[in-house]
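One file, data00.cif, carrying mmCIF, C-alpha atoms:
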data_protein
#
loop_
_atom_site.label_atom_id
_atom_site.label_comp_id
_atom_site.auth_asym_id
_atom_site.auth_seq_id
_atom_site.Cartn_x
_atom_site.Cartn_y
_atom_site.Cartn_z
CA MET A 370 -206.38 -98.91 -100.43
CA PRO A 371 -207.98 -96.16 -102.54
CA ASP A 372 -206.03 -94.97 -105.55
CA ALA A 373 -204.08 -91.83 -104.56
CA ARG A 374 -204.57 -90.12 -107.92
CA LEU A 375 -208.31 -90.69 -107.84
CA MET A 376 -208.44 -89.38 -104.27
CA ASP A 377 -206.55 -86.25 -105.32
CA GLN A 378 -208.94 -85.74 -108.23
CA ALA A 379 -212.01 -86.25 -106.03
CA PHE A 380 -210.64 -83.85 -103.42
CA GLN A 381 -210.13 -81.18 -106.08
CA ARG A 382 -213.59 -81.82 -107.52
CA ILE A 383 -215.13 -81.09 -104.11
CA MET A 384 -212.91 -78.11 -103.36
CA ARG A 385 -213.36 -76.58 -106.81
CA SER A 386 -217.12 -77.02 -106.58
CA LEU A 387 -217.13 -75.18 -103.28
CA VAL A 388 -214.92 -72.39 -104.64
CA ASP A 389 -216.86 -72.04 -107.91
CA THR A 390 -220.41 -72.31 -106.58
CA GLY A 391 -220.31 -72.11 -102.78
CA ARG A 392 -221.68 -75.67 -102.57
CA ALA A 393 -220.13 -79.11 -102.32
CA PRO A 394 -221.29 -81.85 -104.70
CA HIS A 395 -223.50 -84.75 -103.62
CA TYR A 396 -221.76 -88.12 -103.69
CA ALA A 397 -223.86 -89.19 -106.69
CA GLU A 398 -222.51 -86.22 -108.65
CA LEU A 399 -219.03 -87.19 -107.56
CA GLY A 400 -219.66 -90.74 -108.73
CA ARG A 401 -220.89 -89.58 -112.12
CA ALA A 402 -217.88 -87.32 -112.57
CA PHE A 403 -215.60 -90.32 -112.20
CA ASP A 404 -217.81 -92.86 -113.96
CA LEU A 405 -218.28 -94.79 -110.73
CA GLY A 406 -222.05 -94.62 -110.34
CA ALA A 407 -223.81 -93.35 -107.23
CA GLU A 408 -222.63 -96.05 -104.83
CA GLY A 409 -219.10 -95.78 -106.12
CA GLY A 410 -219.30 -92.04 -105.52
CA ARG A 411 -220.44 -92.61 -101.96
CA GLY A 412 -217.50 -94.86 -101.27
CA LEU A 413 -215.12 -92.37 -102.85
CA LEU A 414 -216.53 -89.53 -100.76
CA ARG A 415 -216.11 -91.56 -97.58
CA ASP A 416 -212.51 -92.35 -98.52
CA VAL A 417 -211.76 -88.67 -99.15
CA MET A 418 -213.32 -87.60 -95.86
CA GLN A 419 -211.32 -90.24 -94.03
CA ALA A 420 -208.15 -88.92 -95.63
CA TYR A 421 -209.15 -85.32 -94.80
CA PRO A 422 -210.50 -85.66 -91.26
CA ILE A 423 -210.52 -81.93 -90.55
CA GLY A 424 -213.75 -81.93 -92.59
CA TRP A 425 -216.83 -83.95 -91.77
CA LEU A 426 -220.11 -85.32 -93.05
CA HIS A 427 -223.34 -84.31 -91.39
CA PRO A 428 -224.03 -86.95 -88.71
CA GLU A 429 -225.97 -90.00 -89.94
CA THR A 430 -225.72 -88.86 -93.56
CA ASP A 431 -223.35 -88.78 -96.51
CA TYR A 432 -223.80 -85.04 -96.97
CA ILE A 433 -220.67 -82.92 -96.79
CA ALA A 434 -221.11 -80.50 -93.90
CA SER A 435 -217.60 -79.14 -93.67
CA PHE A 436 -214.68 -79.15 -96.08
CA PRO A 437 -212.26 -76.62 -94.64
CA PRO A 438 -211.52 -73.92 -94.98
CA LEU A 439 -215.06 -73.67 -96.39
CA ASN A 440 -218.30 -75.04 -94.97
CA ASN A 441 -221.20 -76.46 -96.92
CA LEU A 442 -223.44 -75.88 -93.91
CA PRO A 443 -223.78 -72.15 -93.23
CA THR A 444 -221.88 -70.74 -90.27
CA GLN A 445 -221.65 -67.21 -88.92
CA TYR A 446 -218.46 -66.70 -90.98
CA ARG A 447 -219.70 -65.30 -94.26
CA ILE A 448 -217.19 -64.88 -97.05
CA THR A 449 -217.54 -62.38 -99.86
CA VAL A 450 -215.44 -62.32 -103.04
CA ARG A 451 -215.98 -59.95 -106.01
CA GLY A 452 -218.99 -58.51 -104.18
CA GLU A 453 -220.73 -61.89 -103.91
CA GLN A 454 -221.41 -63.51 -100.53
CA ARG A 455 -221.59 -67.15 -101.58
CA TRP A 456 -219.31 -68.87 -99.10
CA PHE A 457 -219.05 -69.79 -95.45
CA ALA A 458 -215.91 -70.65 -93.49
CA GLN A 459 -215.74 -73.63 -91.16
CA CYS A 460 -214.77 -71.36 -88.24
CA GLY A 461 -213.13 -68.05 -87.47
CA PHE A 462 -209.64 -69.52 -87.74
CA GLU A 463 -210.27 -71.27 -91.05
CA ALA A 464 -211.81 -68.03 -92.32
CA THR A 465 -208.30 -66.58 -92.46
CA SER A 466 -207.24 -69.44 -94.74
CA ALA A 467 -209.98 -68.90 -97.34
CA THR A 468 -207.77 -66.25 -98.97
CA TRP A 469 -205.64 -69.04 -100.45
CA LEU A 470 -208.62 -70.34 -102.43
CA PHE A 471 -209.07 -67.03 -104.24
CA PRO A 472 -205.64 -65.93 -105.49
CA GLY A 473 -205.41 -62.29 -106.50
CA GLU A 474 -208.85 -61.51 -105.04
CA THR A 475 -209.91 -59.55 -101.98
CA VAL A 476 -211.62 -61.97 -99.60
CA ARG A 477 -213.89 -60.41 -97.00
CA VAL A 478 -214.99 -62.23 -93.85
CA ASP A 479 -218.02 -60.91 -91.98
CA ALA A 480 -219.27 -62.41 -88.73
CA PRO A 481 -221.26 -61.34 -85.71
CA CYS A 482 -219.30 -61.23 -82.46
CA LEU A 483 -220.63 -64.03 -80.25
CA ASP A 484 -220.65 -61.70 -77.25
CA CYS A 485 -222.51 -58.69 -78.57
CA ALA A 486 -223.63 -59.69 -82.10
CA GLU A 487 -222.00 -56.55 -83.46
CA PRO A 488 -219.99 -57.01 -86.67
CA VAL A 489 -216.48 -58.32 -87.05
CA MET A 490 -214.88 -57.76 -90.45
CA VAL A 491 -211.56 -58.92 -91.85
CA GLU A 492 -210.37 -58.42 -95.42
CA MET A 493 -207.43 -60.34 -96.86
CA ARG A 494 -205.68 -60.60 -100.18
CA ASP A 495 -203.19 -63.36 -101.02
CA GLY A 496 -202.70 -64.11 -97.33
CA ARG A 497 -202.17 -60.49 -96.28
CA ILE A 498 -204.60 -58.72 -94.00
CA THR A 499 -205.71 -55.53 -95.76
CA ARG A 500 -208.52 -54.27 -93.51
CA VAL A 501 -209.89 -55.11 -90.05
CA ASP A 502 -212.86 -53.62 -88.26
CA PRO A 503 -212.65 -53.06 -85.37
CA PRO A 504 -208.85 -53.04 -85.19
CA SER A 505 -209.02 -54.97 -81.88
CA VAL A 506 -210.36 -58.17 -83.54
CA VAL A 507 -208.77 -61.25 -81.99
CA GLY A 508 -208.89 -65.01 -82.46
CA HIS A 509 -209.92 -67.26 -79.59
CA LEU A 510 -209.52 -71.02 -79.20
CA ALA A 511 -212.30 -71.95 -76.82
CA PHE A 512 -211.70 -75.57 -75.89
CA GLY A 513 -208.18 -76.38 -77.02
CA PHE A 514 -207.07 -78.58 -79.88
CA GLY A 515 -207.13 -82.35 -79.64
CA PRO A 516 -209.74 -85.01 -79.01
CA SER A 517 -209.02 -85.14 -75.27
CA ARG A 518 -210.64 -81.76 -74.69
CA GLY A 519 -214.11 -83.25 -74.84
CA ARG A 520 -215.72 -80.45 -76.83
CA PRO A 521 -215.74 -79.69 -80.54
CA HIS A 522 -212.53 -77.77 -81.08
CA TYR A 523 -214.09 -75.74 -83.85
CA LEU A 524 -216.46 -73.94 -81.51
CA MET B 1340 -212.31 -71.19 -82.95
CA ASN B 1341 -213.87 -67.81 -83.22
CA LEU B 1342 -213.17 -64.19 -83.99
CA PHE B 1343 -214.27 -61.63 -81.41
CA ARG B 1344 -214.29 -57.86 -81.50
CA SER B 1345 -211.69 -57.87 -78.72
CA GLU B 1346 -210.37 -60.03 -75.88
CA GLU B 1347 -212.88 -58.41 -73.53
CA HIS B 1348 -215.72 -59.47 -75.79
CA ALA B 1349 -214.42 -63.06 -75.77
CA ARG B 1350 -214.23 -63.04 -71.97
CA ARG B 1351 -217.86 -61.90 -71.80
CA TRP B 1352 -218.98 -64.72 -74.15
CA SER B 1353 -221.50 -66.99 -72.39
CA GLN B 1354 -219.40 -70.07 -73.24
CA PHE B 1355 -216.05 -68.62 -72.21
CA GLU B 1356 -214.14 -71.01 -69.97
CA PRO B 1357 -211.38 -69.73 -67.66
CA ARG B 1358 -208.94 -72.25 -69.10
CA SER B 1359 -209.29 -70.67 -72.51
CA GLU B 1360 -207.61 -67.50 -71.24
CA GLN B 1361 -204.58 -69.08 -72.95
CA GLY B 1362 -206.60 -69.42 -76.17
CA PHE B 1363 -206.12 -65.91 -77.54
CA ILE B 1364 -204.18 -65.34 -80.74
CA SER B 1365 -203.59 -62.09 -82.60
CA LEU B 1366 -205.12 -61.76 -86.03
CA THR B 1367 -201.71 -61.51 -87.71
CA ASP B 1368 -200.47 -64.67 -85.97
CA LEU B 1369 -203.72 -66.38 -86.89
CA ALA B 1370 -203.33 -65.47 -90.56
CA ASP B 1371 -199.79 -66.87 -90.49
CA PHE B 1372 -200.90 -69.98 -88.58
CA PHE B 1373 -203.52 -70.71 -91.23
CA GLY B 1374 -201.28 -69.57 -94.04
CA THR B 1375 -198.40 -72.03 -93.73
CA GLU B 1376 -196.89 -73.41 -96.93
CA SER B 1377 -199.25 -76.36 -97.41
CA ARG B 1378 -202.28 -74.06 -97.15
CA ARG B 1379 -201.09 -72.20 -100.23
CA HIS B 1380 -201.46 -75.34 -102.31
CA MET B 1381 -205.09 -76.24 -101.56
CA LEU B 1382 -205.94 -75.86 -105.24
CA ASP B 1383 -203.03 -77.96 -106.48
CA ALA B 1384 -203.92 -81.23 -108.20
CA ASP B 1385 -201.86 -83.21 -105.69
CA TYR B 1386 -202.84 -81.31 -102.54
CA LEU B 1387 -204.35 -84.27 -100.69
CA SER B 1388 -201.47 -86.67 -101.34
CA SER B 1389 -198.53 -84.26 -101.38
CA TRP B 1390 -199.36 -81.18 -99.30
CA TYR B 1391 -201.98 -82.08 -96.72
CA PRO B 1392 -199.65 -84.59 -95.00
CA HIS B 1393 -197.30 -81.67 -94.12
CA ARG B 1394 -200.02 -79.69 -92.38
CA ALA B 1395 -199.70 -81.13 -88.86
CA ALA B 1396 -195.93 -80.65 -88.67
CA GLU B 1397 -196.22 -77.10 -90.02
CA ARG B 1398 -198.83 -76.27 -87.40
CA ARG B 1399 -196.69 -77.63 -84.57
CA ALA B 1400 -193.63 -75.74 -85.81
CA PHE B 1401 -195.55 -72.48 -86.10
CA LEU B 1402 -197.14 -72.83 -82.65
CA GLU B 1403 -193.72 -73.48 -81.13
CA GLN B 1404 -192.35 -70.44 -82.96
CA ILE B 1405 -194.95 -68.15 -81.39
CA GLY B 1406 -194.66 -69.76 -77.96
CA LYS B 1407 -198.00 -71.56 -77.98
CA ASN B 1408 -196.61 -74.97 -77.08
CA SER B 1409 -199.00 -75.90 -74.27
CA PRO B 1410 -201.16 -79.05 -74.51
CA PHE B 1411 -204.13 -76.71 -75.05
CA TRP B 1412 -202.66 -75.51 -78.34
CA MET B 1413 -200.63 -78.53 -79.37
CA GLY B 1414 -203.48 -80.98 -78.90
CA THR B 1415 -201.38 -83.19 -76.68
CA PRO B 1416 -202.66 -84.83 -73.48
CA ASP B 1417 -202.60 -82.76 -70.30
CA PRO B 1418 -199.86 -83.74 -67.85
CA PRO B 1419 -201.07 -85.86 -64.89
CA THR B 1420 -202.40 -83.71 -62.04
CA SER B 1421 -201.58 -86.00 -59.08
#
Any chance you could put this one into structure tokens?
Amino acid sequence: MPDARLMDQAFQRIMRSLVDTGRAPHYAELGRAFDLGAEGGRGLLRDVMQAYPIGWLHPETDYIASFPPLNNLPTQYRITVRGEQRWFAQCGFEATSATWLFPGETVRVDAPCLDCAEPVMVEMRDGRITRVDPPSVVGHLAFGFGPSRGRPHYL
Amino acid sequence: MNLFRSEEHARRWSQFEPRSEQGFISLTDLADFFGTESRRHMLDADYLSSWYPHRAAERRAFLEQIGKNSPFWMGTPDPPTS
């Protein structure tokens, strides 16, 4: 059983790296941060991802693809804070949660509409929606939650 | 889980499935759904051990509160059809 305190620390290391730089660390960097070596870092990363299954590694690799609400792999949900577009959200729903990673800041989400490719824009600050364009923007759950739906629920 | 310019845009999406007609959620409900208490602690040192475990129950409670308690939203198995 992995040590809970170490797991918490590793989780924060990954999340803080994403928030600070827009990128998740490699497992070898994680291992070095905790004096575990590269292989120890790989094991720690796998333990964290198992404990946080709403994120995932890229298939057949130990690269972090998704660590919601942010994504290490670019998606159409671009996030801008302080005028810098460094971040991507896992999906349109998680995009509305990114605000909690940047307290006191205006967080802007820009995405193309999957129907017409025209822009969708949502601005939030400390969980509150401050601007939406167009005002008719709506969320849509395409395949339903749960593994029984047979399609990736994040699409 | 996407954002569209409007419901009509979502219905015109090439991957729209008729069943997902029940999959619409207003932006304000969405912000509340993804802004439950545990979400506000993602930067806390003990988030993974202390806050993340509350997430599933919070989600269920919020979905029930806004009337989205179908298997499609709750992630529960569909009832038998026969």
Got a sec: who's within 9 Å of B:Arg1398, counting all atoms listed in the file, leaving out chain neighbours fewer than 2 positions off, as a list in words?
Phe1372, Phe1373, Thr1375, His1393, Arg1394, Ala1395, Ala1396, Ala1400, Phe1401, Leu1402, Glu1403 and Met1413 of chain B
Residues of chain B within 8 Å of chain A, only C-alpha atoms counted, as a ChimeraX atom specification:
/B:1340-1346,1348-1349,1351-1353,1355-1356,1359,1362-1367,1369-1371,1373-1374,1378-1388,1410-1416
Selection in question (the file shown): the PyMOL selection byres ((chain A and resi 404-414) around 10). Which residues does it include, as a ChimeraX atom specification?
/A:371-372,375-376,379-380,383,394-403,415-420,426,431-433
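For the atom pair formed by atom CA of A:Glu429 and atom CA of B:Pro1392, the distance is 27.3 Å, given to one decimal.
Running the PyMOL selection byres ((chain A and resi 440) around 6) on this file leaves A:Ser435, A:Phe436, A:Leu439, A:Asn441, A:Leu442, A:Phe457, A:Ala458, A:Gln459 selected.
Reported to one decimal place, the separation of atom CA of A:Ala434 from atom CA of A:Thr449 is 19.4 Å.
Nearest to A:Gly391 of all the residues A:Arg477, A:His427, A:Arg455, A:Arg494 is A:Arg455, based on all atoms listed in the file.
Relative to atom CA of A:Val478, atom CA of A:Asp389 is found at 17.2 Å.
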Could stretch 1356-1386 of chain B be completed with N, CA and C atoms and written as an mmCIF file, keeping the file's coordinate frame, please?
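What ended up in selection.cif:
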data_model
loop_
_atom_site.group_PDB
_atom_site.id
_atom_site.type_symbol
_atom_site.label_atom_id
_atom_site.label_comp_id
_atom_site.auth_asym_id
_atom_site.auth_seq_id
_atom_site.Cartn_x
_atom_site.Cartn_y
_atom_site.Cartn_z
ATOM 1 N N GLU B 1356 -214.620 -70.214 -71.100
ATOM 2 C CA GLU B 1356 -214.140 -71.010 -69.970
ATOM 3 C C GLU B 1356 -212.814 -70.415 -69.498
ATOM 4 N N PRO B 1357 -212.610 -70.352 -68.178
ATOM 5 C CA PRO B 1357 -211.380 -69.730 -67.660
ATOM 6 C C PRO B 1357 -210.110 -70.312 -68.278
ATOM 7 N N ARG B 1358 -210.131 -71.619 -68.540
ATOM 8 C CA ARG B 1358 -208.940 -72.250 -69.100
ATOM 9 C C ARG B 1358 -208.562 -71.667 -70.458
ATOM 10 N N SER B 1359 -209.564 -71.171 -71.171
ATOM 11 C CA SER B 1359 -209.290 -70.670 -72.510
ATOM 12 C C SER B 1359 -208.703 -69.254 -72.495
ATOM 13 N N GLU B 1360 -208.354 -68.769 -71.311
ATOM 14 C CA GLU B 1360 -207.610 -67.500 -71.240
ATOM 15 C C GLU B 1360 -206.324 -67.620 -72.061
ATOM 16 N N GLN B 1361 -205.795 -68.846 -72.149
ATOM 17 C CA GLN B 1361 -204.580 -69.080 -72.950
ATOM 18 C C GLN B 1361 -204.906 -69.251 -74.439
ATOM 19 N N GLY B 1362 -206.182 -69.130 -74.805
ATOM 20 C CA GLY B 1362 -206.600 -69.420 -76.170
ATOM 21 C C GLY B 1362 -206.627 -68.224 -77.102
ATOM 22 N N PHE B 1363 -206.120 -67.080 -76.648
ATOM 23 C CA PHE B 1363 -206.120 -65.910 -77.540
ATOM 24 C C PHE B 1363 -204.966 -65.948 -78.524
ATOM 25 N N ILE B 1364 -205.230 -65.447 -79.723
ATOM 26 C CA ILE B 1364 -204.180 -65.340 -80.740
ATOM 27 C C ILE B 1364 -204.451 -64.073 -81.557
ATOM 28 N N SER B 1365 -203.400 -63.320 -81.819
ATOM 29 C CA SER B 1365 -203.590 -62.090 -82.600
ATOM 30 C C SER B 1365 -204.010 -62.441 -84.024
ATOM 31 N N LEU B 1366 -204.633 -61.503 -84.668
ATOM 32 C CA LEU B 1366 -205.120 -61.760 -86.030
ATOM 33 C C LEU B 1366 -203.950 -62.015 -86.993
ATOM 34 N N THR B 1367 -202.855 -61.303 -86.806
ATOM 35 C CA THR B 1367 -201.710 -61.510 -87.710
ATOM 36 C C THR B 1367 -201.095 -62.896 -87.490
ATOM 37 N N ASP B 1368 -200.978 -63.313 -86.221
ATOM 38 C CA ASP B 1368 -200.470 -64.670 -85.970
ATOM 39 C C ASP B 1368 -201.436 -65.709 -86.529
ATOM 40 N N LEU B 1369 -202.716 -65.434 -86.384
ATOM 41 C CA LEU B 1369 -203.720 -66.380 -86.890
ATOM 42 C C LEU B 1369 -203.614 -66.531 -88.408
ATOM 43 N N ALA B 1370 -203.452 -65.419 -89.091
ATOM 44 C CA ALA B 1370 -203.330 -65.470 -90.560
ATOM 45 C C ALA B 1370 -202.081 -66.242 -90.967
ATOM 46 N N ASP B 1371 -201.014 -66.104 -90.192
ATOM 47 C CA ASP B 1371 -199.790 -66.870 -90.490
ATOM 48 C C ASP B 1371 -199.969 -68.345 -90.139
ATOM 49 N N PHE B 1372 -200.644 -68.603 -89.026
ATOM 50 C CA PHE B 1372 -200.900 -69.980 -88.580
ATOM 51 C C PHE B 1372 -201.710 -70.737 -89.635
ATOM 52 N N PHE B 1373 -202.673 -70.086 -90.204
ATOM 53 C CA PHE B 1373 -203.520 -70.710 -91.230
ATOM 54 C C PHE B 1373 -203.069 -70.350 -92.640
ATOM 55 N N GLY B 1374 -201.830 -69.904 -92.726
ATOM 56 C CA GLY B 1374 -201.280 -69.570 -94.040
ATOM 57 C C GLY B 1374 -199.917 -70.219 -94.259
ATOM 58 N N THR B 1375 -199.670 -71.325 -93.547
ATOM 59 C CA THR B 1375 -198.400 -72.030 -93.730
ATOM 60 C C THR B 1375 -198.333 -72.606 -95.156
ATOM 61 N N GLU B 1376 -197.159 -73.052 -95.533
ATOM 62 C CA GLU B 1376 -196.890 -73.410 -96.930
ATOM 63 C C GLU B 1376 -197.943 -74.355 -97.538
ATOM 64 N N SER B 1377 -198.319 -75.385 -96.799
ATOM 65 C CA SER B 1377 -199.250 -76.360 -97.410
ATOM 66 C C SER B 1377 -200.594 -75.709 -97.735
ATOM 67 N N ARG B 1378 -200.988 -74.723 -96.921
ATOM 68 C CA ARG B 1378 -202.280 -74.060 -97.150
ATOM 69 C C ARG B 1378 -202.311 -73.325 -98.496
ATOM 70 N N ARG B 1379 -201.142 -72.979 -98.978
ATOM 71 C CA ARG B 1379 -201.090 -72.200 -100.230
ATOM 72 C C ARG B 1379 -201.241 -73.091 -101.456
ATOM 73 N N HIS B 1380 -201.376 -74.378 -101.201
ATOM 74 C CA HIS B 1380 -201.460 -75.340 -102.310
ATOM 75 C C HIS B 1380 -202.786 -76.085 -102.329
ATOM 76 N N MET B 1381 -203.800 -75.533 -101.660
ATOM 77 C CA MET B 1381 -205.090 -76.240 -101.560
ATOM 78 C C MET B 1381 -205.749 -76.462 -102.909
ATOM 79 N N LEU B 1382 -205.347 -75.679 -103.913
ATOM 80 C CA LEU B 1382 -205.940 -75.860 -105.240
ATOM 81 C C LEU B 1382 -205.030 -76.649 -106.180
ATOM 82 N N ASP B 1383 -203.926 -77.146 -105.654
ATOM 83 C CA ASP B 1383 -203.030 -77.960 -106.480
ATOM 84 C C ASP B 1383 -203.632 -79.348 -106.695
ATOM 85 N N ALA B 1384 -203.343 -79.915 -107.850
ATOM 86 C CA ALA B 1384 -203.920 -81.230 -108.200
ATOM 87 C C ALA B 1384 -203.518 -82.318 -107.214
ATOM 88 N N ASP B 1385 -202.339 -82.162 -106.596
ATOM 89 C CA ASP B 1385 -201.860 -83.210 -105.690
ATOM 90 C C ASP B 1385 -201.918 -82.773 -104.224
ATOM 91 N N TYR B 1386 -202.807 -81.837 -103.909
ATOM 92 C CA TYR B 1386 -202.840 -81.310 -102.540
ATOM 93 C C TYR B 1386 -203.033 -82.423 -101.503
#
